[in-house]
$ cat structure.pdb   # PDB, N, CA and C atoms
ATOM      1  N   MET J   1     103.940 142.261 110.845  1.00  0.00           N
ATOM      2  CA  MET J   1     102.777 141.406 111.042  1.00  0.00           C
ATOM      3  C   MET J   1     101.969 141.932 112.232  1.00  0.00           C
ATOM      4  N   PRO J   2     100.650 141.879 112.109  1.00  0.00           N
ATOM      5  CA  PRO J   2      99.797 142.418 113.174  1.00  0.00           C
ATOM      6  C   PRO J   2      99.631 141.472 114.361  1.00  0.00           C
ATOM      7  N   TYR J   3      99.256 142.050 115.478  1.00  0.00           N
ATOM      8  CA  TYR J   3      98.982 141.317 116.702  1.00  0.00           C
ATOM      9  C   TYR J   3      97.471 141.145 116.805  1.00  0.00           C
ATOM     10  N   TYR J   4      97.011 139.928 117.052  1.00  0.00           N
ATOM     11  CA  TYR J   4      95.585 139.627 117.188  1.00  0.00           C
ATOM     12  C   TYR J   4      95.310 139.116 118.589  1.00  0.00           C
ATOM     13  N   TYR J   5      94.151 139.487 119.112  1.00  0.00           N
ATOM     14  CA  TYR J   5      93.731 139.070 120.446  1.00  0.00           C
ATOM     15  C   TYR J   5      92.501 138.190 120.323  1.00  0.00           C
ATOM     16  N   PHE J   6      92.415 137.190 121.196  1.00  0.00           N
ATOM     17  CA  PHE J   6      91.322 136.233 121.164  1.00  0.00           C
ATOM     18  C   PHE J   6      90.563 136.282 122.488  1.00  0.00           C
ATOM     19  N   ASP J   7      89.226 136.337 122.392  1.00  0.00           N
ATOM     20  CA  ASP J   7      88.364 136.364 123.572  1.00  0.00           C
ATOM     21  C   ASP J   7      87.326 135.271 123.473  1.00  0.00           C
ATOM     22  N   LEU J   8      86.996 134.684 124.619  1.00  0.00           N
ATOM     23  CA  LEU J   8      85.841 133.812 124.723  1.00  0.00           C
ATOM     24  C   LEU J   8      84.664 134.708 125.053  1.00  0.00           C
ATOM     25  N   VAL J   9      83.639 134.679 124.227  1.00  0.00           N
ATOM     26  CA  VAL J   9      82.450 135.501 124.423  1.00  0.00           C
ATOM     27  C   VAL J   9      81.378 134.644 125.096  1.00  0.00           C
ATOM     28  N   VAL J  10      80.990 135.063 126.309  1.00  0.00           N
ATOM     29  CA  VAL J  10      79.935 134.377 127.062  1.00  0.00           C
ATOM     30  C   VAL J  10      78.898 135.444 127.403  1.00  0.00           C
ATOM     31  N   GLY J  11      77.802 135.455 126.657  1.00  0.00           N
ATOM     32  CA  GLY J  11      76.810 136.503 126.842  1.00  0.00           C
ATOM     33  C   GLY J  11      77.409 137.850 126.466  1.00  0.00           C
ATOM     34  N   GLU J  12      77.405 138.778 127.409  1.00  0.00           N
ATOM     35  CA  GLU J  12      77.974 140.108 127.187  1.00  0.00           C
ATOM     36  C   GLU J  12      79.407 140.215 127.721  1.00  0.00           C
ATOM     37  N   GLU J  13      79.942 139.098 128.209  1.00  0.00           N
ATOM     38  CA  GLU J  13      81.269 139.090 128.845  1.00  0.00           C
ATOM     39  C   GLU J  13      82.324 138.577 127.869  1.00  0.00           C
ATOM     40  N   PHE J  14      83.485 139.224 127.875  1.00  0.00           N
ATOM     41  CA  PHE J  14      84.610 138.823 127.037  1.00  0.00           C
ATOM     42  C   PHE J  14      85.745 138.356 127.926  1.00  0.00           C
ATOM     43  N   LYS J  15      86.129 137.073 127.799  1.00  0.00           N
ATOM     44  CA  LYS J  15      87.201 136.509 128.616  1.00  0.00           C
ATOM     45  C   LYS J  15      88.443 136.334 127.744  1.00  0.00           C
ATOM     46  N   ASN J  16      89.485 137.064 128.087  1.00  0.00           N
ATOM     47  CA  ASN J  16      90.723 137.068 127.318  1.00  0.00           C
ATOM     48  C   ASN J  16      91.316 135.666 127.233  1.00  0.00           C
ATOM     49  N   GLN J  17      91.615 135.237 126.014  1.00  0.00           N
ATOM     50  CA  GLN J  17      92.248 133.938 125.790  1.00  0.00           C
ATOM     51  C   GLN J  17      93.679 134.094 125.278  1.00  0.00           C
ATOM     52  N   GLY J  18      94.160 135.346 125.247  1.00  0.00           N
ATOM     53  CA  GLY J  18      95.536 135.594 124.836  1.00  0.00           C
ATOM     54  C   GLY J  18      95.615 136.275 123.487  1.00  0.00           C
ATOM     55  N   GLY J  19      96.833 136.558 123.092  1.00  0.00           N
ATOM     56  CA  GLY J  19      97.082 137.226 121.824  1.00  0.00           C
ATOM     57  C   GLY J  19      98.318 136.661 121.166  1.00  0.00           C
ATOM     58  N   ILE J  20      98.437 136.911 119.872  1.00  0.00           N
ATOM     59  CA  ILE J  20      99.565 136.369 119.124  1.00  0.00           C
ATOM     60  C   ILE J  20      99.777 137.199 117.852  1.00  0.00           C
ATOM     61  N   ILE J  21     101.016 137.267 117.416  1.00  0.00           N
ATOM     62  CA  ILE J  21     101.336 137.917 116.146  1.00  0.00           C
ATOM     63  C   ILE J  21     101.120 136.883 115.040  1.00  0.00           C
ATOM     64  N   LEU J  22     100.296 137.239 114.067  1.00  0.00           N
ATOM     65  CA  LEU J  22     100.002 136.335 112.953  1.00  0.00           C
ATOM     66  C   LEU J  22     100.102 137.093 111.637  1.00  0.00           C
ATOM     67  N   GLU J  23     100.183 136.338 110.559  1.00  0.00           N
ATOM     68  CA  GLU J  23     100.368 136.885 109.225  1.00  0.00           C
ATOM     69  C   GLU J  23      99.262 137.856 108.824  1.00  0.00           C
ATOM     70  N   ASP J  24      97.995 137.420 108.963  1.00  0.00           N
ATOM     71  CA  ASP J  24      96.867 138.251 108.554  1.00  0.00           C
ATOM     72  C   ASP J  24      95.588 137.734 109.203  1.00  0.00           C
ATOM     73  N   ILE J  25      94.460 138.378 108.902  1.00  0.00           N
ATOM     74  CA  ILE J  25      93.191 138.004 109.523  1.00  0.00           C
ATOM     75  C   ILE J  25      92.743 136.606 109.088  1.00  0.00           C
ATOM     76  N   GLU J  26      93.134 136.173 107.910  1.00  0.00           N
ATOM     77  CA  GLU J  26      92.768 134.819 107.468  1.00  0.00           C
ATOM     78  C   GLU J  26      93.395 133.770 108.394  1.00  0.00           C
ATOM     79  N   VAL J  27      94.646 133.949 108.736  1.00  0.00           N
ATOM     80  CA  VAL J  27      95.325 133.027 109.650  1.00  0.00           C
ATOM     81  C   VAL J  27      94.718 133.154 111.047  1.00  0.00           C
ATOM     82  N   ALA J  28      94.419 134.379 111.468  1.00  0.00           N
ATOM     83  CA  ALA J  28      93.811 134.603 112.791  1.00  0.00           C
ATOM     84  C   ALA J  28      92.432 133.972 112.867  1.00  0.00           C
ATOM     85  N   SER J  29      91.643 134.053 111.811  1.00  0.00           N
ATOM     86  CA  SER J  29      90.307 133.453 111.828  1.00  0.00           C
ATOM     87  C   SER J  29      90.401 131.925 111.876  1.00  0.00           C
ATOM     88  N   ASP J  30      91.375 131.350 111.176  1.00  0.00           N
ATOM     89  CA  ASP J  30      91.599 129.897 111.258  1.00  0.00           C
ATOM     90  C   ASP J  30      91.953 129.497 112.688  1.00  0.00           C
ATOM     91  N   ARG J  31      92.795 130.287 113.334  1.00  0.00           N
ATOM     92  CA  ARG J  31      93.188 130.003 114.724  1.00  0.00           C
ATOM     93  C   ARG J  31      91.982 130.138 115.649  1.00  0.00           C
ATOM     94  N   ALA J  32      91.118 131.114 115.399  1.00  0.00           N
ATOM     95  CA  ALA J  32      89.903 131.279 116.205  1.00  0.00           C
ATOM     96  C   ALA J  32      88.984 130.071 116.043  1.00  0.00           C
ATOM     97  N   ASP J  33      88.854 129.565 114.826  1.00  0.00           N
ATOM     98  CA  ASP J  33      88.045 128.365 114.584  1.00  0.00           C
ATOM     99  C   ASP J  33      88.606 127.171 115.360  1.00  0.00           C
ATOM    100  N   GLN J  34      89.934 127.025 115.358  1.00  0.00           N
ATOM    101  CA  GLN J  34      90.582 125.936 116.098  1.00  0.00           C
ATOM    102  C   GLN J  34      90.337 126.090 117.596  1.00  0.00           C
ATOM    103  N   LEU J  35      90.481 127.316 118.093  1.00  0.00           N
ATOM    104  CA  LEU J  35      90.271 127.576 119.516  1.00  0.00           C
ATOM    105  C   LEU J  35      88.818 127.289 119.913  1.00  0.00           C
ATOM    106  N   ALA J  36      87.865 127.684 119.079  1.00  0.00           N
ATOM    107  CA  ALA J  36      86.450 127.417 119.353  1.00  0.00           C
ATOM    108  C   ALA J  36      86.198 125.915 119.410  1.00  0.00           C
ATOM    109  N   ASN J  37      86.804 125.171 118.499  1.00  0.00           N
ATOM    110  CA  ASN J  37      86.651 123.720 118.487  1.00  0.00           C
ATOM    111  C   ASN J  37      87.239 123.098 119.754  1.00  0.00           C
ATOM    112  N   GLU J  38      88.436 123.552 120.141  1.00  0.00           N
ATOM    113  CA  GLU J  38      89.079 123.038 121.356  1.00  0.00           C
ATOM    114  C   GLU J  38      88.249 123.355 122.600  1.00  0.00           C
ATOM    115  N   LEU J  39      87.773 124.592 122.696  1.00  0.00           N
ATOM    116  CA  LEU J  39      86.982 124.984 123.868  1.00  0.00           C
ATOM    117  C   LEU J  39      85.670 124.213 123.950  1.00  0.00           C
ATOM    118  N   SER J  40      85.039 123.957 122.804  1.00  0.00           N
ATOM    119  CA  SER J  40      83.773 123.215 122.830  1.00  0.00           C
ATOM    120  C   SER J  40      83.984 121.772 123.273  1.00  0.00           C
ATOM    121  N   GLN J  41      85.181 121.219 123.026  1.00  0.00           N
ATOM    122  CA  GLN J  41      85.478 119.855 123.462  1.00  0.00           C
ATOM    123  C   GLN J  41      85.871 119.817 124.933  1.00  0.00           C
ATOM    124  N   VAL J  42      86.662 120.795 125.367  1.00  0.00           N
ATOM    125  CA  VAL J  42      87.153 120.834 126.742  1.00  0.00           C
ATOM    126  C   VAL J  42      86.054 121.313 127.712  1.00  0.00           C
ATOM    127  N   LYS J  43      85.212 122.225 127.241  1.00  0.00           N
ATOM    128  CA  LYS J  43      84.146 122.788 128.071  1.00  0.00           C
ATOM    129  C   LYS J  43      82.803 122.642 127.363  1.00  0.00           C
ATOM    130  N   PRO J  44      82.281 121.405 127.266  1.00  0.00           N
ATOM    131  CA  PRO J  44      81.027 121.188 126.534  1.00  0.00           C
ATOM    132  C   PRO J  44      79.846 121.952 127.137  1.00  0.00           C
ATOM    133  N   GLU J  45      79.957 122.378 128.406  1.00  0.00           N
ATOM    134  CA  GLU J  45      78.875 123.141 129.024  1.00  0.00           C
ATOM    135  C   GLU J  45      78.680 124.506 128.361  1.00  0.00           C
ATOM    136  N   LEU J  46      79.652 124.953 127.577  1.00  0.00           N
ATOM    137  CA  LEU J  46      79.535 126.235 126.875  1.00  0.00           C
ATOM    138  C   LEU J  46      78.744 126.123 125.571  1.00  0.00           C
ATOM    139  N   GLN J  47      78.573 124.897 125.092  1.00  0.00           N
ATOM    140  CA  GLN J  47      77.812 124.702 123.864  1.00  0.00           C
ATOM    141  C   GLN J  47      76.340 125.021 124.124  1.00  0.00           C
ATOM    142  N   SER J  48      75.641 125.390 123.092  1.00  0.00           N
ATOM    143  CA  SER J  48      74.207 125.709 123.144  1.00  0.00           C
ATOM    144  C   SER J  48      73.900 126.881 124.057  1.00  0.00           C
ATOM    145  N   LYS J  49      74.891 127.718 124.327  1.00  0.00           N
ATOM    146  CA  LYS J  49      74.680 128.912 125.148  1.00  0.00           C
ATOM    147  C   LYS J  49      75.021 130.171 124.371  1.00  0.00           C
ATOM    148  N   GLY J  50      75.256 130.033 123.073  1.00  0.00           N
ATOM    149  CA  GLY J  50      75.579 131.191 122.250  1.00  0.00           C
ATOM    150  C   GLY J  50      76.997 131.707 122.439  1.00  0.00           C
ATOM    151  N   CYS J  51      77.870 130.901 123.026  1.00  0.00           N
ATOM    152  CA  CYS J  51      79.262 131.323 123.238  1.00  0.00           C
ATOM    153  C   CYS J  51      80.018 131.342 121.910  1.00  0.00           C
ATOM    154  N   ALA J  52      81.053 132.162 121.868  1.00  0.00           N
ATOM    155  CA  ALA J  52      81.838 132.300 120.642  1.00  0.00           C
ATOM    156  C   ALA J  52      83.266 132.684 120.993  1.00  0.00           C
ATOM    157  N   VAL J  53      84.132 132.605 119.992  1.00  0.00           N
ATOM    158  CA  VAL J  53      85.489 133.137 120.089  1.00  0.00           C
ATOM    159  C   VAL J  53      85.544 134.304 119.118  1.00  0.00           C
ATOM    160  N   ARG J  54      86.057 135.434 119.606  1.00  0.00           N
ATOM    161  CA  ARG J  54      86.196 136.587 118.722  1.00  0.00           C
ATOM    162  C   ARG J  54      87.655 136.983 118.611  1.00  0.00           C
ATOM    163  N   VAL J  55      87.980 137.606 117.485  1.00  0.00           N
ATOM    164  CA  VAL J  55      89.322 138.109 117.221  1.00  0.00           C
ATOM    165  C   VAL J  55      89.215 139.627 117.162  1.00  0.00           C
ATOM    166  N   THR J  56      90.122 140.303 117.874  1.00  0.00           N
ATOM    167  CA  THR J  56      90.169 141.762 117.829  1.00  0.00           C
ATOM    168  C   THR J  56      91.581 142.223 117.492  1.00  0.00           C
ATOM    169  N   ASP J  57      91.666 143.468 117.061  1.00  0.00           N
ATOM    170  CA  ASP J  57      92.978 144.055 116.812  1.00  0.00           C
ATOM    171  C   ASP J  57      93.431 144.823 118.048  1.00  0.00           C
ATOM    172  N   ARG J  58      94.560 145.485 117.952  1.00  0.00           N
ATOM    173  CA  ARG J  58      95.116 146.182 119.122  1.00  0.00           C
ATOM    174  C   ARG J  58      94.237 147.328 119.607  1.00  0.00           C
ATOM    175  N   ASP J  59      93.338 147.815 118.725  1.00  0.00           N
ATOM    176  CA  ASP J  59      92.415 148.881 119.105  1.00  0.00           C
ATOM    177  C   ASP J  59      91.072 148.347 119.595  1.00  0.00           C
ATOM    178  N   HIS J  60      90.996 147.044 119.812  1.00  0.00           N
ATOM    179  CA  HIS J  60      89.794 146.353 120.299  1.00  0.00           C
ATOM    180  C   HIS J  60      88.659 146.330 119.272  1.00  0.00           C
ATOM    181  N   ASN J  61      88.978 146.498 118.006  1.00  0.00           N
ATOM    182  CA  ASN J  61      87.978 146.372 116.945  1.00  0.00           C
ATOM    183  C   ASN J  61      87.771 144.888 116.652  1.00  0.00           C
ATOM    184  N   GLU J  62      86.518 144.444 116.681  1.00  0.00           N
ATOM    185  CA  GLU J  62      86.241 143.044 116.390  1.00  0.00           C
ATOM    186  C   GLU J  62      86.409 142.793 114.895  1.00  0.00           C
ATOM    187  N   LEU J  63      87.212 141.777 114.566  1.00  0.00           N
ATOM    188  CA  LEU J  63      87.510 141.456 113.176  1.00  0.00           C
ATOM    189  C   LEU J  63      86.854 140.163 112.725  1.00  0.00           C
ATOM    190  N   TYR J  64      86.576 139.267 113.673  1.00  0.00           N
ATOM    191  CA  TYR J  64      86.044 137.942 113.329  1.00  0.00           C
ATOM    192  C   TYR J  64      85.405 137.354 114.568  1.00  0.00           C
ATOM    193  N   ARG J  65      84.357 136.541 114.359  1.00  0.00           N
ATOM    194  CA  ARG J  65      83.715 135.829 115.464  1.00  0.00           C
ATOM    195  C   ARG J  65      83.245 134.481 114.945  1.00  0.00           C
ATOM    196  N   THR J  66      83.452 133.431 115.739  1.00  0.00           N
ATOM    197  CA  THR J  66      83.014 132.089 115.373  1.00  0.00           C
ATOM    198  C   THR J  66      82.346 131.432 116.580  1.00  0.00           C
ATOM    199  N   PRO J  67      81.217 130.754 116.385  1.00  0.00           N
ATOM    200  CA  PRO J  67      80.505 130.135 117.510  1.00  0.00           C
ATOM    201  C   PRO J  67      81.204 128.876 118.013  1.00  0.00           C
ATOM    202  N   LEU J  68      80.990 128.574 119.311  1.00  0.00           N
ATOM    203  CA  LEU J  68      81.503 127.321 119.861  1.00  0.00           C
ATOM    204  C   LEU J  68      80.642 126.142 119.438  1.00  0.00           C
ATOM    205  N   ASP J  69      79.357 126.403 119.187  1.00  0.00           N
ATOM    206  CA  ASP J  69      78.465 125.331 118.752  1.00  0.00           C
ATOM    207  C   ASP J  69      78.903 124.855 117.379  1.00  0.00           C
ATOM    208  N   PRO J  70      79.036 123.553 117.217  1.00  0.00           N
ATOM    209  CA  PRO J  70      79.409 123.043 115.897  1.00  0.00           C
ATOM    210  C   PRO J  70      78.339 123.411 114.867  1.00  0.00           C
ATOM    211  N   VAL J  71      78.771 123.816 113.691  1.00  0.00           N
ATOM    212  CA  VAL J  71      77.848 124.139 112.606  1.00  0.00           C
ATOM    213  C   VAL J  71      77.563 122.850 111.842  1.00  0.00           C
ATOM    214  N   PRO J  72      76.275 122.484 111.709  1.00  0.00           N
ATOM    215  CA  PRO J  72      75.956 121.262 110.965  1.00  0.00           C
ATOM    216  C   PRO J  72      76.488 121.339 109.531  1.00  0.00           C
ATOM    217  N   ALA J  73      76.904 120.203 108.989  1.00  0.00           N
ATOM    218  CA  ALA J  73      77.500 120.149 107.660  1.00  0.00           C
ATOM    219  C   ALA J  73      76.581 120.752 106.604  1.00  0.00           C
ATOM    220  N   TRP J  74      75.273 120.573 106.753  1.00  0.00           N
ATOM    221  CA  TRP J  74      74.338 121.083 105.741  1.00  0.00           C
ATOM    222  C   TRP J  74      74.247 122.608 105.763  1.00  0.00           C
ATOM    223  N   GLN J  75      74.729 123.262 106.846  1.00  0.00           N
ATOM    224  CA  GLN J  75      74.684 124.718 106.932  1.00  0.00           C
ATOM    225  C   GLN J  75      75.992 125.366 106.503  1.00  0.00           C
ATOM    226  N   ARG J  76      77.035 124.601 106.383  1.00  0.00           N
ATOM    227  CA  ARG J  76      78.339 125.159 106.038  1.00  0.00           C
ATOM    228  C   ARG J  76      78.341 125.648 104.596  1.00  0.00           C
ATOM    229  N   THR J  77      79.017 126.765 104.381  1.00  0.00           N
ATOM    230  CA  THR J  77      79.181 127.255 103.006  1.00  0.00           C
ATOM    231  C   THR J  77      80.458 126.671 102.439  1.00  0.00           C
ATOM    232  N   GLY J  78      80.442 126.381 101.167  1.00  0.00           N
ATOM    233  CA  GLY J  78      81.532 125.696 100.508  1.00  0.00           C
ATOM    234  C   GLY J  78      82.716 126.531 100.352  1.00  0.00           C
TER     235      GLY J  78
END

$ encode --input "structure.pdb" --output "structure tokens"
Amino acid sequence: MPYYYFDLVVGEEFKNQGGIILEDIEVASDRADQLANELSQVKPELQSKGCAVRVTDRDHNELYRTPLDPVPAWQRTG
């Protein structure tokens, strides 16, 4: 199983939020969505600033990114 790393993206800065071994990128992206939701609740000052959580692999290749700003229900894809 691969190791995935999670970063809080604030502008051009990447703040390490830790890493974990997970089954695949689908599970890692779900975890990134959860982390983004938690961070937006704990640190509401990060909302509306374009902040995001990104997932990278061991070679620092970005695999997934999700915004901290909640996506309105009408914009979500089914």

$ residues_around --input "structure.pdb" --residues "segment 7-18 of chain J" --least-positions-apart "3" --cutoff "8 Å" --atoms "only N, CA and C atoms" --output "VMD selection string"
chain J and resid 4 49 to 56

$ select_by_dssp --input "structure.pdb" --residues "chain J" --states "alpha helix (DSSP H)" --output "VMD selection string"
chain J and resid 25 to 42

$ atom_distance --input "structure.pdb" --atom1 "atom CA of Pro2 of chain J" --atom2 "atom CA of Gln41 of chain J"
28.6 Å

$ closest_residue --input "structure.pdb" --among "J:Glu45, J:Met1, J:Arg65, J:Ala36" --to "Asp24 of chain J" --atoms "only N, CA and C atoms"
J:Met1

$ resolve_selection --input "structure.pdb" --expression "the PyMOL selection byres (((chain J and resi 21 and name CA) around 6) and name CA)" --output "compact mmCIF listing (two decimals) with N, CA and C atoms, in the frame of the given file"
# COMPACT_ATOMS: atom_id res chain seq x y z
N PRO J 2 100.65 141.88 112.11
CA PRO J 2 99.80 142.42 113.17
C PRO J 2 99.63 141.47 114.36
N TYR J 3 99.26 142.05 115.48
CA TYR J 3 98.98 141.32 116.70
C TYR J 3 97.47 141.15 116.80
N ILE J 20 98.44 136.91 119.87
CA ILE J 20 99.56 136.37 119.12
C ILE J 20 99.78 137.20 117.85
N LEU J 22 100.30 137.24 114.07
CA LEU J 22 100.00 136.34 112.95
C LEU J 22 100.10 137.09 111.64

$ atom_distance --input "structure.pdb" --atom1 "atom CA of Gly19 of chain J" --atom2 "atom CA of Ser48 of chain J"
25.6 Å

$ residues_around --input "structure.pdb" --residues "Ser29 of chain J" --least-positions-apart "4" --cutoff "8 Å" --atoms "all atoms listed in the file" --output "MDAnalysis selection string"
chainID J and resid 24:25 33:35 55 63:66

$ atom_distance --input "structure.pdb" --atom1 "atom CA of Ala32 of chain J" --atom2 "atom CA of His60 of chain J"
15.6 Å

$ axis_aligned_box --input "structure.pdb" --around "segment 26-30 of chain J" --padding-each-side "3 Å" --output "lines of an AutoDock Vina configuration file"
center_x = 92.8
center_y = 132.8
center_z = 110.2
size_x = 11.0
size_y = 12.7
size_z = 11.4

$ select_by_dssp --input "structure.pdb" --residues "chain J" --states "strand (DSSP E or B)" --output "compact mmCIF listing (two decimals) with N, CA and C atoms, keeping the file's coordinate frame"
# COMPACT_ATOMS: atom_id res chain seq x y z
N TYR J 3 99.26 142.05 115.48
CA TYR J 3 98.98 141.32 116.70
C TYR J 3 97.47 141.15 116.80
N TYR J 4 97.01 139.93 117.05
CA TYR J 4 95.58 139.63 117.19
C TYR J 4 95.31 139.12 118.59
N TYR J 5 94.15 139.49 119.11
CA TYR J 5 93.73 139.07 120.45
C TYR J 5 92.50 138.19 120.32
N PHE J 6 92.42 137.19 121.20
CA PHE J 6 91.32 136.23 121.16
C PHE J 6 90.56 136.28 122.49
N ASP J 7 89.23 136.34 122.39
CA ASP J 7 88.36 136.36 123.57
C ASP J 7 87.33 135.27 123.47
N LEU J 8 87.00 134.68 124.62
CA LEU J 8 85.84 133.81 124.72
C LEU J 8 84.66 134.71 125.05
N VAL J 9 83.64 134.68 124.23
CA VAL J 9 82.45 135.50 124.42
C VAL J 9 81.38 134.64 125.10
N VAL J 10 80.99 135.06 126.31
CA VAL J 10 79.94 134.38 127.06
C VAL J 10 78.90 135.44 127.40
N GLU J 13 79.94 139.10 128.21
CA GLU J 13 81.27 139.09 128.84
C GLU J 13 82.32 138.58 127.87
N PHE J 14 83.48 139.22 127.88
CA PHE J 14 84.61 138.82 127.04
C PHE J 14 85.74 138.36 127.93
N LYS J 15 86.13 137.07 127.80
CA LYS J 15 87.20 136.51 128.62
C LYS J 15 88.44 136.33 127.74
N ASN J 16 89.48 137.06 128.09
CA ASN J 16 90.72 137.07 127.32
C ASN J 16 91.32 135.67 127.23
N GLN J 17 91.62 135.24 126.01
CA GLN J 17 92.25 133.94 125.79
C GLN J 17 93.68 134.09 125.28
N GLY J 18 94.16 135.35 125.25
CA GLY J 18 95.54 135.59 124.84
C GLY J 18 95.62 136.28 123.49
N GLY J 19 96.83 136.56 123.09
CA GLY J 19 97.08 137.23 121.82
C GLY J 19 98.32 136.66 121.17
N ILE J 20 98.44 136.91 119.87
CA ILE J 20 99.56 136.37 119.12
C ILE J 20 99.78 137.20 117.85
N ILE J 21 101.02 137.27 117.42
CA ILE J 21 101.34 137.92 116.15
C ILE J 21 101.12 136.88 115.04
N ALA J 52 81.05 132.16 121.87
CA ALA J 52 81.84 132.30 120.64
C ALA J 52 83.27 132.68 120.99
N VAL J 53 84.13 132.60 119.99
CA VAL J 53 85.49 133.14 120.09
C VAL J 53 85.54 134.30 119.12
N ARG J 54 86.06 135.43 119.61
CA ARG J 54 86.20 136.59 118.72
C ARG J 54 87.66 136.98 118.61
N VAL J 55 87.98 137.61 117.48
CA VAL J 55 89.32 138.11 117.22
C VAL J 55 89.22 139.63 117.16
N THR J 56 90.12 140.30 117.87
CA THR J 56 90.17 141.76 117.83
C THR J 56 91.58 142.22 117.49
N GLU J 62 86.52 144.44 116.68
CA GLU J 62 86.24 143.04 116.39
C GLU J 62 86.41 142.79 114.90
N LEU J 63 87.21 141.78 114.57
CA LEU J 63 87.51 141.46 113.18
C LEU J 63 86.85 140.16 112.72
N TYR J 64 86.58 139.27 113.67
CA TYR J 64 86.04 137.94 113.33
C TYR J 64 85.40 137.35 114.57
N ARG J 65 84.36 136.54 114.36
CA ARG J 65 83.72 135.83 115.46
C ARG J 65 83.24 134.48 114.94
N THR J 66 83.45 133.43 115.74
CA THR J 66 83.01 132.09 115.37
C THR J 66 82.35 131.43 116.58
N PRO J 67 81.22 130.75 116.38
CA PRO J 67 80.50 130.14 117.51
C PRO J 67 81.20 128.88 118.01

$ closest_residue --input "structure.pdb" --among "J:Glu26, J:Tyr5, J:Asn37, J:Lys43" --to "Leu68 of chain J" --atoms "only N, CA and C atoms"
J:Asn37
